[in-house]
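The structure appears right after this line, and notes come after that.
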Amino acid sequence: MTAAWPSEIRLASDKRTLHVTFEGGESFALAAELLRVESPSAEVQGHGAGQKTTPSGKQNVAISRVEPVGNYAVRLVFDDGHDTGLFSWDILHDYGMRQDSLMAEYMERLSVAGQQRS
């Protein structure tokens, strides 16, 4: 059983923020951009160490759909066509706890690669 268990998952009306509240009381507003660029999919994370990619041009990405996957995750379908990442409850909780550092690391990777957010 997972350590983090959501009590509510709600997509904002502009589809650019996923609100997740956990039974422990933590509540996070996760930006679609962060979720897209940190997707747990092989497309983003790769198949092994050192294979992570840095998607650029995702500043205005939106979440088209949130689809439940069993009782352990959701599949987020983004308006750029990406739909292969399964976001477990633990991943959503982890990203919520670390969203500032994850976003800072992403911005640094973009800068090093000479890429842009938009």
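Letters A, B, ... go to the chains of the structure tokens in the order shown; residues in each chain start at 1; ligands are counted from 1 in the same order.
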Margin query: If DSSP is run on the backbone, what residues of chain A are alpha helix (DSSP H)? A reply as JSON, numbers by chain would be ideal.
Written below: {"A": [32, 33, 34, 35, 36, 37, 42, 43, 44, 45, 89, 90, 91, 92, 93, 94, 95, 96, 97, 98, 99, 100, 101, 102, 103, 104, 105, 106, 107, 108, 109, 110, 111, 112, 113]}
Note to self: Would you pick out the contacts of A:Met107 at 12 Å or less, using only C-alpha atoms, so that residues sharing its chain but fewer than 5 positions from it are not included, and give the list as a list in words?
What the structure shows: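 Listing them by chain and then by number gives Glu33, Leu34, Val37, Glu38, Thr54, Pro55, Ser56, Gly57, Lys58, Gln59, Asp100, Ser101, Leu102, Val112, Ala113, Gly114, Gln115, Gln116, Arg117 and Ser118 of chain A.
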Next item on the list: Find the residues around stretch 5-10 of chain A up to 10 Å (only C-alpha atoms counted), leave out those fewer than 6 positions away in its own chain, and share them as a list in words.
Entry: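 Answer for this query is Thr17, Leu18, His19, Val20, Thr21, Phe22, Glu23, Gly24, Gly25, Glu26, Ser27, Phe28, Ala29, Val66, Asn71, Tyr72, Ala73, Val74, Ser88, Trp89, Asp90, Leu92 and His93 of chain A.
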Store the residues picked out above in a file with N, CA and C atoms, as a tab-separated table (two decimals), in the first residue's frame.
```tsv
chain	number	residue	atom	x	y	z
A	17	THR	N	-3.42	23.72	-13.71
A	17	THR	CA	-3.03	23.37	-12.35
A	17	THR	C	-3.83	22.16	-11.89
A	18	LEU	N	-3.12	21.19	-11.32
A	18	LEU	CA	-3.76	20.02	-10.73
A	18	LEU	C	-3.67	20.18	-9.21
A	19	HIS	N	-4.83	20.24	-8.57
A	19	HIS	CA	-4.90	20.37	-7.11
A	19	HIS	C	-5.04	18.98	-6.51
A	20	VAL	N	-4.13	18.63	-5.61
A	20	VAL	CA	-4.15	17.32	-4.97
A	20	VAL	C	-4.10	17.51	-3.46
A	21	THR	N	-5.07	16.92	-2.78
A	21	THR	CA	-5.10	16.93	-1.32
A	21	THR	C	-4.96	15.49	-0.85
A	22	PHE	N	-4.10	15.30	0.16
A	22	PHE	CA	-3.85	13.97	0.70
A	22	PHE	C	-4.50	13.81	2.06
A	23	GLU	N	-4.78	12.56	2.41
A	23	GLU	CA	-5.43	12.27	3.69
A	23	GLU	C	-4.65	12.81	4.88
A	24	GLY	N	-3.35	12.92	4.75
A	24	GLY	CA	-2.52	13.46	5.83
A	24	GLY	C	-2.68	14.95	6.03
A	25	GLY	N	-3.44	15.61	5.14
A	25	GLY	CA	-3.69	17.03	5.25
A	25	GLY	C	-2.89	17.89	4.30
A	26	GLU	N	-1.84	17.32	3.67
A	26	GLU	CA	-1.08	18.12	2.71
A	26	GLU	C	-1.93	18.41	1.48
A	27	SER	N	-1.75	19.62	0.97
A	27	SER	CA	-2.48	20.02	-0.23
A	27	SER	C	-1.50	20.73	-1.15
A	28	PHE	N	-1.51	20.36	-2.43
A	28	PHE	CA	-0.57	20.92	-3.39
A	28	PHE	C	-1.30	21.40	-4.63
A	29	ALA	N	-0.82	22.48	-5.20
A	29	ALA	CA	-1.26	22.98	-6.50
A	29	ALA	C	-0.08	22.76	-7.44
A	66	VAL	N	-7.71	13.85	-16.88
A	66	VAL	CA	-7.13	13.10	-15.77
A	66	VAL	C	-7.87	11.78	-15.74
A	71	ASN	N	-6.34	1.83	-8.47
A	71	ASN	CA	-6.49	2.65	-7.27
A	71	ASN	C	-5.13	3.18	-6.81
A	72	TYR	N	-4.19	3.31	-7.75
A	72	TYR	CA	-2.84	3.71	-7.36
A	72	TYR	C	-2.27	4.89	-8.13
A	73	ALA	N	-2.95	5.34	-9.20
A	73	ALA	CA	-2.34	6.38	-10.04
A	73	ALA	C	-3.39	7.06	-10.92
A	74	VAL	N	-2.93	8.12	-11.59
A	74	VAL	CA	-3.71	8.75	-12.66
A	74	VAL	C	-2.80	8.90	-13.87
A	88	SER	N	1.69	8.04	-9.90
A	88	SER	CA	1.21	7.35	-8.70
A	88	SER	C	0.96	8.39	-7.61
A	89	TRP	N	0.26	7.95	-6.58
A	89	TRP	CA	-0.01	8.87	-5.46
A	89	TRP	C	1.31	9.32	-4.83
A	90	ASP	N	2.27	8.38	-4.71
A	90	ASP	CA	3.57	8.74	-4.13
A	90	ASP	C	4.30	9.77	-4.98
A	92	LEU	N	2.91	12.02	-7.04
A	92	LEU	CA	2.23	13.31	-6.89
A	92	LEU	C	2.59	13.96	-5.56
A	93	HIS	N	2.66	13.16	-4.51
A	93	HIS	CA	3.03	13.69	-3.20
A	93	HIS	C	4.47	14.19	-3.22
```
Notebook entry, point to check: Expressed in Å to a single decimal, how great is the separation between atom CA of A:Ala62 and atom CA of A:Gly48?
Noted result: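 These atoms are spaced 27.6 Å apart.
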Item checked: Every residue of chain A that DSSP places in strand (DSSP E or B), as a PyMOL selection string -> chain A and resi 6-11+17-22+27-31+63-69+73-78+86-88
